[in-house]
file final.txt (compact mmCIF, C-alpha atoms)
# COMPACT_ATOMS: atom_id res chain seq x y z
CA MET A 1 -22.61 -1.41 20.34
CA LYS A 2 -22.73 -5.22 20.80
CA THR A 3 -25.38 -6.56 23.17
CA CYS A 4 -24.92 -9.23 25.83
CA LEU A 5 -27.54 -10.98 27.93
CA ILE A 6 -26.28 -12.34 31.26
CA VAL A 7 -28.34 -15.32 32.42
CA ASP A 8 -27.51 -16.26 36.01
CA ASP A 9 -29.59 -16.69 39.16
CA SER A 10 -26.86 -15.09 41.30
CA ARG A 11 -27.30 -11.35 41.60
CA VAL A 12 -23.64 -11.03 42.59
CA ILE A 13 -22.43 -12.90 39.49
CA ARG A 14 -24.70 -10.79 37.29
CA LYS A 15 -23.34 -7.61 38.87
CA VAL A 16 -19.69 -8.65 38.47
CA SER A 17 -20.23 -9.90 34.90
CA ARG A 18 -22.08 -6.70 33.99
CA HIS A 19 -19.15 -4.67 35.28
CA LEU A 20 -16.66 -6.68 33.19
CA LEU A 21 -18.80 -6.62 30.04
CA GLU A 22 -19.61 -2.92 30.23
CA ALA A 23 -15.88 -2.24 30.57
CA MET A 24 -15.47 -4.15 27.28
CA GLY A 25 -18.09 -1.92 25.63
CA PHE A 26 -21.15 -4.19 25.65
CA ALA A 27 -24.71 -3.04 26.25
CA VAL A 28 -25.77 -5.48 28.96
CA SER A 29 -29.14 -6.90 30.00
CA GLU A 30 -29.87 -9.55 32.64
CA ALA A 31 -32.11 -12.54 33.28
CA ALA A 32 -32.31 -14.65 36.46
CA ASP A 33 -33.29 -17.96 34.82
CA GLY A 34 -33.85 -19.65 31.45
CA LYS A 35 -37.50 -18.67 31.17
CA GLU A 36 -36.76 -14.98 31.73
CA ALA A 37 -33.91 -15.28 29.25
CA LEU A 38 -36.19 -16.73 26.52
CA GLU A 39 -38.59 -13.84 27.03
CA ALA A 40 -35.71 -11.39 26.72
CA CYS A 41 -34.50 -13.11 23.53
CA ASP A 42 -38.00 -13.05 22.03
CA ALA A 43 -38.08 -9.30 22.66
CA ALA A 44 -34.59 -8.64 21.24
CA MET A 45 -32.02 -11.26 20.31
CA PRO A 46 -28.64 -10.29 21.82
CA ASP A 47 -25.30 -10.74 20.03
CA VAL A 48 -24.04 -12.99 22.82
CA ILE A 49 -25.42 -14.74 25.88
CA LEU A 50 -23.38 -15.51 28.99
CA LEU A 51 -25.18 -18.54 30.39
CA ASP A 52 -25.11 -20.23 33.79
CA TRP A 53 -25.99 -23.94 34.03
CA ASN A 54 -27.84 -24.43 37.31
CA MET A 55 -30.77 -22.06 37.70
CA PRO A 56 -34.32 -22.35 39.06
CA VAL A 57 -37.37 -22.47 36.74
CA MET A 58 -35.32 -23.38 33.65
CA SER A 59 -31.69 -24.56 33.55
CA GLY A 60 -29.10 -23.18 31.17
CA ILE A 61 -28.99 -26.35 29.06
CA ASP A 62 -32.81 -26.42 28.70
CA PHE A 63 -32.78 -22.75 27.75
CA LEU A 64 -30.11 -23.40 25.12
CA GLY A 65 -32.15 -26.22 23.55
CA GLN A 66 -35.20 -23.97 23.27
CA LEU A 67 -33.17 -21.02 22.00
CA ARG A 68 -31.57 -23.05 19.21
CA ALA A 69 -35.01 -24.42 18.21
CA ARG A 70 -36.25 -20.89 17.48
CA PRO A 71 -36.11 -19.73 13.84
CA ASP A 72 -33.57 -16.99 14.61
CA GLY A 73 -32.00 -18.77 17.58
CA ASP A 74 -28.82 -19.83 15.79
CA ALA A 75 -27.50 -16.34 15.19
CA THR A 76 -26.67 -15.46 18.76
CA LYS A 77 -23.45 -16.74 20.32
CA VAL A 78 -23.75 -18.62 23.60
CA VAL A 79 -20.93 -18.85 26.12
CA PHE A 80 -21.60 -21.16 29.04
CA CYS A 81 -20.22 -19.72 32.24
CA THR A 82 -20.53 -22.24 35.04
CA THR A 83 -18.98 -24.16 37.91
CA GLU A 84 -19.90 -27.43 36.13
CA ASN A 85 -16.32 -27.95 35.01
CA ASP A 86 -16.10 -31.62 34.02
CA VAL A 87 -15.72 -32.96 30.50
CA ALA A 88 -19.21 -34.52 30.43
CA HIS A 89 -20.89 -31.17 31.08
CA ILE A 90 -18.65 -29.37 28.58
CA LYS A 91 -19.42 -31.93 25.86
CA ALA A 92 -23.15 -31.76 26.62
CA ALA A 93 -23.06 -27.98 26.30
CA ILE A 94 -21.25 -28.09 22.95
CA GLU A 95 -23.66 -30.74 21.63
CA ALA A 96 -26.59 -28.56 22.68
CA GLY A 97 -25.19 -25.68 20.63
CA ALA A 98 -22.95 -23.68 22.96
CA ASN A 99 -20.18 -21.79 21.15
CA GLU A 100 -17.79 -21.53 24.08
CA TYR A 101 -17.42 -22.56 27.69
CA VAL A 102 -15.93 -20.63 30.59
CA MET A 103 -15.23 -22.46 33.83
CA LYS A 104 -15.81 -20.41 36.96
CA PRO A 105 -13.88 -18.77 38.48
CA PHE A 106 -12.44 -16.72 35.65
CA ASP A 107 -10.87 -13.31 35.17
CA GLN A 108 -11.66 -10.47 32.79
CA GLU A 109 -8.95 -11.37 30.29
CA THR A 110 -10.15 -14.96 30.01
CA LEU A 111 -13.71 -13.80 29.37
CA GLN A 112 -12.54 -11.22 26.85
CA ILE A 113 -10.55 -13.81 24.89
CA LYS A 114 -13.48 -16.23 24.90
CA LEU A 115 -15.68 -13.46 23.49
CA GLN A 116 -13.03 -12.80 20.83
CA LEU A 117 -13.02 -16.50 19.99
CA VAL A 118 -16.74 -16.42 19.25
CA GLY A 119 -16.30 -13.22 17.24
CA VAL A 120 -18.16 -10.66 19.36
CA ALA A 121 -15.26 -8.81 21.03
CA MET B 1 9.65 -1.44 55.89
CA GLN B 2 11.26 0.65 53.16
CA VAL B 3 13.45 -1.32 50.75
CA THR B 4 16.90 0.24 50.78
CA PRO B 5 18.61 1.29 47.52
CA ALA B 6 21.38 -1.17 48.40
CA ALA B 7 18.89 -4.08 48.50
CA VAL B 8 17.35 -3.03 45.17
CA ARG B 9 20.83 -2.83 43.66
CA ILE B 10 21.67 -6.36 44.85
CA LEU B 11 18.46 -7.81 43.39
CA ALA B 12 18.99 -5.91 40.13
CA GLU B 13 22.59 -7.12 39.83
CA LEU B 14 21.55 -10.69 40.52
CA LEU B 15 18.79 -10.65 37.91
CA GLU B 16 21.05 -9.07 35.32
CA GLU B 17 23.89 -11.51 35.96
CA PHE B 18 21.70 -14.56 35.45
CA THR B 19 19.35 -13.37 32.73
CA GLY B 20 20.59 -10.07 31.28
CA GLN B 21 17.25 -8.55 32.25
CA GLU B 22 16.84 -5.13 33.81
CA LEU B 23 15.00 -4.63 37.07
CA THR B 24 13.39 -1.48 35.78
CA GLN B 25 11.46 0.99 37.93
CA THR B 26 8.21 -0.39 36.51
CA ARG B 27 9.12 -3.91 37.65
CA GLN B 28 10.28 -2.90 41.12
CA TRP B 29 6.79 -2.45 42.55
CA ARG B 30 6.05 -6.16 42.18
CA VAL B 31 9.33 -7.42 43.62
CA GLY B 32 7.91 -7.72 47.15
CA THR B 33 4.96 -9.82 45.96
CA ALA B 34 7.13 -11.94 43.67
CA LEU B 35 9.57 -12.74 46.47
CA SER B 36 7.10 -13.11 49.35
CA SER B 37 7.08 -16.92 49.32
CA VAL B 38 10.91 -17.03 49.11
CA MET B 39 11.15 -14.66 52.10
CA ARG B 40 8.71 -16.80 54.08
CA GLU B 41 10.53 -20.03 53.23
CA HIS B 42 13.89 -18.63 54.30
CA ASP B 43 12.71 -16.67 57.36
CA CYS B 44 13.66 -13.30 55.95
CA ALA B 45 11.70 -10.50 57.59
CA ASP B 46 11.84 -8.26 54.51
CA LEU B 47 13.56 -7.66 51.18
CA ASN B 48 16.52 -6.01 52.88
CA ALA B 49 17.18 -9.18 54.89
CA LEU B 50 16.79 -11.35 51.78
CA ALA B 51 19.15 -9.14 49.77
CA ALA B 52 21.71 -9.30 52.59
CA ARG B 53 21.58 -13.12 52.53
CA ILE B 54 22.37 -13.30 48.80
CA ALA B 55 24.87 -10.41 48.63
CA GLY B 56 28.22 -11.66 47.38
CA ASN B 57 26.86 -15.16 46.92
CA TYR B 58 25.01 -15.06 43.61
CA ARG B 59 25.76 -18.72 42.88
CA SER B 60 23.87 -20.02 45.92
CA PRO B 61 20.62 -22.01 45.56
CA LEU B 62 18.81 -19.16 47.35
CA ALA B 63 20.06 -16.66 44.76
CA ARG B 64 18.85 -18.93 41.96
CA GLN B 65 15.49 -19.23 43.68
CA VAL B 66 15.24 -15.44 43.87
CA VAL B 67 15.99 -15.13 40.14
CA GLU B 68 13.31 -17.70 39.29
CA ALA B 69 10.78 -15.81 41.40
CA LEU B 70 11.64 -12.48 39.76
CA LEU B 71 11.07 -13.75 36.23
CA ASN B 72 7.74 -12.96 34.67
CA ASN B 73 6.28 -16.18 33.29
CA GLU B 74 3.07 -14.59 32.04
CA THR B 75 1.81 -16.43 28.96
CA TYR B 76 -1.29 -18.03 27.53
CA PHE B 77 -2.50 -20.12 24.62
CA PHE B 78 -2.76 -18.39 21.23
CA ARG B 79 -1.70 -15.08 22.77
CA ASP B 80 -2.66 -12.38 20.25
CA LEU B 81 -5.20 -14.26 18.16
CA ALA B 82 -4.67 -12.04 15.11
CA VAL B 83 -0.97 -12.91 15.03
CA PHE B 84 -1.68 -16.65 15.18
CA GLN B 85 -4.25 -16.17 12.42
CA ASP B 86 -1.55 -14.47 10.35
CA LEU B 87 0.81 -17.34 11.06
CA GLN B 88 -1.77 -19.86 9.94
CA ASP B 89 -3.01 -17.99 6.88
CA THR B 90 0.16 -16.44 5.52
CA VAL B 91 3.50 -17.15 7.17
CA LEU B 92 3.29 -20.92 7.60
CA PRO B 93 1.92 -21.48 4.06
CA ALA B 94 4.78 -19.31 2.72
CA LEU B 95 7.30 -21.42 4.62
CA ALA B 96 5.61 -24.60 3.42
CA GLN B 97 6.10 -23.42 -0.14
CA ALA B 98 9.71 -22.38 0.45
CA ARG B 99 10.60 -25.68 2.14
CA ALA B 100 8.48 -27.92 -0.09
CA GLU B 101 11.48 -29.84 -1.37
CA LYS B 102 13.02 -30.88 1.96
CA ARG B 103 9.68 -31.00 3.80
CA ARG B 104 11.34 -30.00 7.02
CA LEU B 105 10.36 -27.10 9.27
CA SER B 106 12.26 -25.86 12.32
CA ILE B 107 10.71 -23.51 14.84
CA TRP B 108 12.26 -21.95 17.93
CA CYS B 109 10.12 -20.52 20.72
CA ALA B 110 12.69 -18.36 22.55
CA GLY B 111 11.28 -17.45 25.96
CA CYS B 112 8.58 -20.10 25.95
CA SER B 113 7.72 -19.77 29.64
CA THR B 114 5.42 -22.66 30.69
CA GLY B 115 4.87 -23.97 27.16
CA GLN B 116 1.53 -22.56 26.02
CA GLU B 117 2.98 -20.83 22.94
CA ALA B 118 4.83 -23.93 21.74
CA LEU B 119 1.72 -26.04 22.28
CA SER B 120 -0.41 -23.51 20.39
CA LEU B 121 1.93 -23.87 17.41
CA ALA B 122 1.96 -27.66 17.73
CA MET B 123 -1.85 -27.70 17.69
CA MET B 124 -2.04 -25.48 14.62
CA LEU B 125 0.42 -27.65 12.73
CA ALA B 126 -1.16 -30.94 13.82
CA GLU B 127 -4.61 -29.74 12.76
CA ASN B 128 -3.45 -28.71 9.31
CA THR B 129 -2.76 -32.20 8.00
CA ALA B 130 -3.31 -31.08 4.42
CA ILE B 131 0.02 -29.28 4.56
CA TRP B 132 2.13 -30.77 7.34
CA ASN B 133 1.13 -34.41 7.45
CA ASP B 134 4.34 -35.95 6.11
CA TRP B 135 6.69 -33.17 7.16
CA GLN B 136 9.42 -33.34 9.73
CA VAL B 137 8.40 -30.52 12.05
CA GLU B 138 10.57 -29.68 15.05
CA ILE B 139 9.72 -27.16 17.73
CA LEU B 140 12.48 -26.17 20.13
CA ALA B 141 11.15 -24.27 23.14
CA THR B 142 13.58 -22.56 25.50
CA ASP B 143 13.42 -20.35 28.54
CA VAL B 144 15.93 -18.99 31.04
CA SER B 145 13.70 -20.15 33.89
CA GLU B 146 14.38 -23.73 34.98
CA SER B 147 11.07 -23.94 36.84
CA ALA B 148 9.15 -22.73 33.76
CA ILE B 149 10.84 -25.41 31.62
CA ARG B 150 10.08 -28.10 34.22
CA SER B 151 6.45 -27.04 34.16
CA ALA B 152 6.37 -26.89 30.34
CA ARG B 153 7.73 -30.44 30.09
CA LYS B 154 4.86 -31.70 32.25
CA GLY B 155 2.37 -30.08 29.86
CA CYS B 156 -0.17 -29.92 32.67
CA TYR B 157 -2.32 -26.83 33.17
CA ASN B 158 -4.74 -25.78 35.87
CA GLN B 159 -8.23 -24.51 35.16
CA PHE B 160 -7.11 -20.90 35.04
CA GLN B 161 -4.27 -21.64 32.59
CA ILE B 162 -6.13 -24.04 30.32
CA GLN B 163 -8.97 -21.69 29.45
CA ARG B 164 -6.81 -18.62 28.89
CA GLY B 165 -6.81 -18.28 25.11
CA LEU B 166 -7.70 -21.87 24.30
CA ASP B 167 -11.02 -22.50 22.61
CA ILE B 168 -13.15 -25.24 24.07
CA ALA B 169 -13.02 -27.52 21.01
CA ARG B 170 -9.21 -27.56 21.09
CA MET B 171 -9.20 -28.12 24.84
CA LEU B 172 -11.36 -31.22 24.44
CA ARG B 173 -9.40 -32.45 21.43
CA TRP B 174 -5.86 -32.01 22.70
CA PHE B 175 -6.02 -32.17 26.50
CA THR B 176 -7.10 -34.79 28.99
CA GLU B 177 -8.56 -33.92 32.37
CA THR B 178 -6.61 -35.51 35.23
CA GLU B 179 -6.50 -35.05 39.01
CA ASP B 180 -3.53 -32.70 38.56
CA GLY B 181 -5.04 -30.64 35.77
CA TRP B 182 -5.43 -30.71 31.98
CA VAL B 183 -2.59 -32.60 30.32
CA ALA B 184 -1.54 -32.02 26.71
CA SER B 185 -1.64 -35.05 24.45
CA GLU B 186 1.55 -36.99 23.78
CA LYS B 187 1.22 -36.23 20.09
CA LEU B 188 1.70 -32.54 20.82
CA ARG B 189 4.33 -32.94 23.52
CA ASN B 190 6.43 -35.27 21.34
CA ARG B 191 6.80 -32.50 18.79
CA ILE B 192 8.39 -30.11 21.27
CA THR B 193 11.83 -30.21 22.87
CA TYR B 194 12.14 -28.05 25.98
CA VAL B 195 15.56 -26.74 27.02
CA THR B 196 16.71 -24.22 29.64
CA HIS B 197 18.59 -21.54 27.72
CA ASN B 198 19.35 -17.83 27.84
CA ILE B 199 18.86 -16.09 24.51
CA LEU B 200 21.95 -13.96 25.15
CA GLU B 201 24.07 -17.07 24.88
CA THR B 202 25.02 -18.93 21.70
CA PRO B 203 21.86 -20.37 20.09
CA PRO B 204 21.03 -23.85 21.42
CA THR B 205 21.73 -25.52 18.07
CA THR B 206 23.75 -24.74 14.97
CA ARG B 207 20.70 -25.41 12.81
CA ARG B 208 19.03 -22.34 11.29
CA PHE B 209 15.37 -21.97 12.20
CA ASP B 210 12.66 -21.13 9.70
CA LEU B 211 10.59 -19.33 12.31
CA VAL B 212 11.68 -17.86 15.63
CA LEU B 213 9.16 -16.59 18.15
CA CYS B 214 10.59 -14.26 20.77
CA ARG B 215 7.59 -12.48 22.17
CA ASN B 216 7.53 -10.15 25.16
CA VAL B 217 11.09 -11.09 26.11
CA LEU B 218 13.33 -8.37 24.67
CA LEU B 219 11.39 -5.64 26.43
CA TYR B 220 13.13 -6.67 29.67
CA PHE B 221 16.60 -5.86 28.27
CA ASP B 222 18.38 -2.52 28.13
CA THR B 223 19.33 -1.12 24.72
CA ALA B 224 22.80 -2.69 24.51
CA THR B 225 21.63 -6.09 25.73
CA ARG B 226 18.68 -6.02 23.33
CA LYS B 227 21.08 -5.39 20.47
CA LYS B 228 23.08 -8.43 21.51
CA ALA B 229 19.90 -10.52 21.73
CA TYR B 230 18.89 -9.47 18.20
CA ALA B 231 22.31 -10.57 16.97
CA ARG B 232 21.83 -13.97 18.60
CA LEU B 233 18.38 -14.34 17.07
CA ASP B 234 19.71 -13.26 13.69
CA SER B 235 22.43 -15.90 13.85
CA ALA B 236 19.81 -18.59 14.53
CA LEU B 237 17.37 -17.59 11.78
CA ALA B 238 17.41 -18.79 8.18
CA GLU B 239 18.07 -15.99 5.71
CA ASP B 240 14.50 -16.21 4.44
CA GLY B 241 13.04 -16.97 7.88
CA TYR B 242 10.65 -15.03 10.08
CA LEU B 243 11.15 -13.55 13.54
CA LEU B 244 7.93 -12.99 15.46
CA LEU B 245 7.98 -10.39 18.25
CA GLY B 246 5.32 -9.51 20.81
CA GLY B 247 2.60 -6.94 20.17
CA GLY B 248 4.05 -3.46 20.52
CA GLU B 249 7.67 -4.64 20.24
CA ALA B 250 9.50 -3.09 17.30
CA VAL B 251 12.95 -3.50 15.76
CA ARG B 252 13.15 0.05 14.47
CA GLY B 253 15.62 2.02 16.58
CA HIS B 254 16.97 -1.12 18.23
CA THR B 255 18.66 -3.08 15.45
CA GLY B 256 19.40 -2.93 11.77
CA LEU B 257 19.48 -6.71 11.46
CA PHE B 258 15.74 -7.06 10.86
CA MET B 259 13.07 -5.25 8.93
CA PRO B 260 9.37 -5.46 9.75
CA GLU B 261 7.31 -7.41 7.23
CA LYS B 262 5.09 -5.10 5.19
CA GLY B 263 1.57 -5.04 6.64
CA ARG B 264 2.49 -7.38 9.50
CA PRO B 265 4.51 -5.37 12.04
CA SER B 266 4.96 -8.26 14.50
CA PHE B 267 6.82 -10.30 11.86
CA GLN B 268 10.43 -9.39 11.12
CA ARG B 269 12.61 -10.53 8.23
CA PRO B 270 16.41 -10.52 8.17
CA ALA B 271 17.54 -7.25 6.62
CA ALA B 272 19.53 -7.30 3.40
CA ALA B 273 23.30 -7.22 3.98
CA SER B 274 23.51 -3.69 2.54
CA ALA B 275 20.97 -2.40 5.09
CA ARG B 276 22.84 -3.66 8.15
CA SER B 277 24.66 -0.99 10.16
CA GLY B 278 28.30 -1.41 11.11
CA ALA B 279 27.55 -1.77 14.82
CA ASP B 280 24.83 -4.37 14.19
CA ALA B 281 27.05 -6.28 11.83
CA MET B 282 29.79 -6.37 14.46
CA ALA B 283 27.35 -7.62 17.08
CA ALA B 284 25.97 -10.21 14.70
CA VAL B 285 27.39 -13.71 14.77
CA ARG B 286 26.39 -14.35 11.16

call {"tool": "encode", "arguments": {"input": "final.txt", "output": "structure tokens"}}
result
Amino acid sequence: MKTCLIVDDSRVIRKVSRHLLEAMGFAVSEAADGKEALEACDAAMPDVILLDWNMPVMSGIDFLGQLRARPDGDATKVVFCTTENDVAHIKAAIEAGANEYVMKPFDQETLQIKLQLVGVA
Amino acid sequence: MQVTPAAVRILAELLEEFTGQELTQTRQWRVGTALSSVMREHDCADLNALAARIAGNYRSPLARQVVEALLNNETYFFRDLAVFQDLQDTVLPALAQARAEKRRLSIWCAGCSTGQEALSLAMMLAENTAIWNDWQVEILATDVSESAIRSARKGCYNQFQIQRGLDIARMLRWFTETEDGWVASEKLRNRITYVTHNILETPPTTRRFDLVLCRNVLLYFDTATRKKAYARLDSALAEDGYLLLGGGEAVRGHTGLFMPEKGRPSFQRPAAASARSGADAMAAVR
């Protein structure tokens, strides 16, 4: 079973995303900010991370930089999932090492196809 | 309020007359939702009132508006990734080899809806410069829906449409963000000609196409109409061309004009003359 870490400070978003991902067959874990997410990755690197941009403690983009700097941090796929929907943010995310980008709001099919595009669904 | 059988019959007749499509039981549940904005605009209290307004007057603008609203324009970029991968890895290279002398490739997207499929093809071809750089590549994209074709010509997609099926690198490369949405580049749009056309009518050009995509369209036709549609598609396809159907659509049991490609059930090849049944041959224009 593929594993997915949802990183989002909104409990509602985490709950909805968990529901969608579990329906797709993922084993899901959650983190409320970048720092928590790094700790989770150090414990067990997931196959894919669904990553919000704006979060307290550590933002999504800062988390991504630190993740990719880790020795095994390149293996996991990262899909940004955010309301920051302008080209500048999208380009910044790709440059920082994101594999895909989902603009909120989105539906299950869109998410599923994005996960197929990065090779985890 | 309950929709009367008479109202359903009127809507079904109207849809069939304009498009050849069936208003099957499975489609009837969404008719109310599909027509809600038309009913509001024309002050019709319910579907019965709307049906009464169009009864006997199927050529009216209101009737045309009802048909447009009933059509399912569901589509997205690179729909069925595996099929597009097959196109890129196998079918298009095979066609490139077969057409190497003339260096000309003709593609028909029959039932193109709002243009995402044609643009997906245009992107794939434009990215593969090693093969297609100096080729004359034409993509004809047709749909029975005038509003879908108008939308396709604009090549402008909202946030929901743009990220359905399209990877982020391609979105940044081929689309520009504007106030109205994400607009496809001129380079892509210039490769595609959009025309309103019903696939049950004579093909839009006498030229034979190397590749015809007709995905998730034929499933809306009854058996006899589907047979006629296959004959039209057959008459438009080169003898060594490919017909691409939607996932789950199959020619077996519906026509003897095509045979599924071995190992790739979505791709159909014209059947050998000896394999064509009498009825299919009579329906065929070829």

call {"tool": "residues_around", "arguments": {"input": "final.txt", "residues": "stretch 105-112 of chain A", "least_positions_apart": "2", "cutoff": "8 Å", "atoms": "all atoms listed in the file", "output": "PyMOL selection string"}}
result
(chain A and resi 20+24+83+102-103+114-116+121) or (chain B and resi 160+163-165)

call {"tool": "closest_residue", "arguments": {"input": "final.txt", "among": "B:Leu218, B:Leu188, B:Val212, B:Leu81", "to": "chain A", "atoms": "only C-alpha atoms"}}
result
B:Leu81

call {"tool": "atom_distance", "arguments": {"input": "final.txt", "atom1": "atom CA of B:Asn57", "atom2": "atom CA of B:Arg30"}}
result
23.2 Å

call {"tool": "closest_residue", "arguments": {"input": "final.txt", "among": "A:Ala27, A:Gly73, A:Leu21, A:Tyr101", "to": "A:Val87", "atoms": "all atoms listed in the file"}}
result
A:Tyr101

call {"tool": "residues_around", "arguments": {"input": "final.txt", "residues": "B:Tyr230", "least_positions_apart": "2", "cutoff": "9 Å", "atoms": "all atoms listed in the file", "output": "ChimeraX atom specification"}}
result
/B:200,218,225-228,232-235,251,254-255,257-258,280,283-284

call {"tool": "closest_residue", "arguments": {"input": "final.txt", "among": "B:Ala229, B:Thr90, B:Thr75, B:Gly111", "to": "chain A", "atoms": "all atoms listed in the file"}}
result
B:Thr75

call {"tool": "interface_residues", "arguments": {"input": "final.txt", "of": "chain B", "to": "chain A", "cutoff": "10 Å", "atoms": "all atoms listed in the file", "output": "list in words"}}
result
Tyr76, Phe78, Arg79, Asp80, Leu81, Gln159, Phe160, Gln161, Ile162, Gln163, Arg164, Gly165, Leu166, Asp167, Ile168, Ala169, Met171, Leu172, Thr176 and Glu177 of chain B

call {"tool": "residues_around", "arguments": {"input": "final.txt", "residues": "B:Glu13", "least_positions_apart": "3", "cutoff": "12 Å", "atoms": "all atoms listed in the file", "output": "list of chain:residue names"}}
result
B:Ala6, B:Ala7, B:Val8, B:Arg9, B:Ile10, B:Glu16, B:Glu17, B:Phe18, B:Thr19, B:Gly20, B:Gln21, B:Glu22, B:Leu23, B:Thr24, B:Ala51, B:Ile54, B:Ala55, B:Gly56, B:Asn57, B:Tyr58, B:Ala63, B:Val66, B:Val67

call {"tool": "residues_near_point", "arguments": {"input": "final.txt", "point": "(-23.7, -16.6, 19.4)", "cutoff": "8 Å", "atoms": "only C-alpha atoms", "output": "number ranges by chain"}}
result
A: 47-49, 74-79, 98-99, 118

call {"tool": "atom_distance", "arguments": {"input": "final.txt", "atom1": "atom CA of B:Thr223", "atom2": "atom CA of B:Gln65"}}
result
26.5 Å

call {"tool": "closest_residue", "arguments": {"input": "final.txt", "among": "A:Glu39, A:Asp72, A:Asp33, A:Glu84", "to": "A:Asp8", "atoms": "all atoms listed in the file"}}
result
A:Asp33

call {"tool": "atom_distance", "arguments": {"input": "final.txt", "atom1": "atom CA of B:Trp174", "atom2": "atom CA of B:Gly241"}}
result
28.3 Å

call {"tool": "closest_residue", "arguments": {"input": "final.txt", "among": "B:Thr114, B:Ser120, B:Asn73, B:Gln136", "to": "B:Tyr157", "atoms": "only C-alpha atoms"}}
result
B:Thr114

call {"tool": "residues_near_point", "arguments": {"input": "final.txt", "point": "(-25.3, -3.2, 31.0)", "cutoff": "12 Å", "atoms": "only C-alpha atoms", "output": "list in words"}}
result
Met1, Lys2, Thr3, Cys4, Leu5, Ile6, Arg14, Lys15, Val16, Ser17, Arg18, His19, Leu20, Leu21, Glu22, Ala23, Met24, Gly25, Phe26, Ala27, Val28, Ser29, Glu30 and Ala31 of chain A

call {"tool": "closest_residue", "arguments": {"input": "final.txt", "among": "B:Leu119, B:Asn128, B:Leu237, B:Thr202", "to": "B:Lys187", "atoms": "all atoms listed in the file"}}
result
B:Leu119

call {"tool": "residues_around", "arguments": {"input": "final.txt", "residues": "B:Val31", "least_positions_apart": "4", "cutoff": "12 Å", "atoms": "all atoms listed in the file", "output": "list in words"}}
result
Val3, Ala7, Val8, Leu11, Ala12, Leu15, Leu23, Thr24, Gln25, Thr26, Arg27, Leu35, Ser36, Ser37, Val38, Met39, Asp46, Leu47, Asn48, Leu50, Ala51, Val66, Val67, Glu68, Ala69, Leu70, Leu71 and Asn72 of chain B
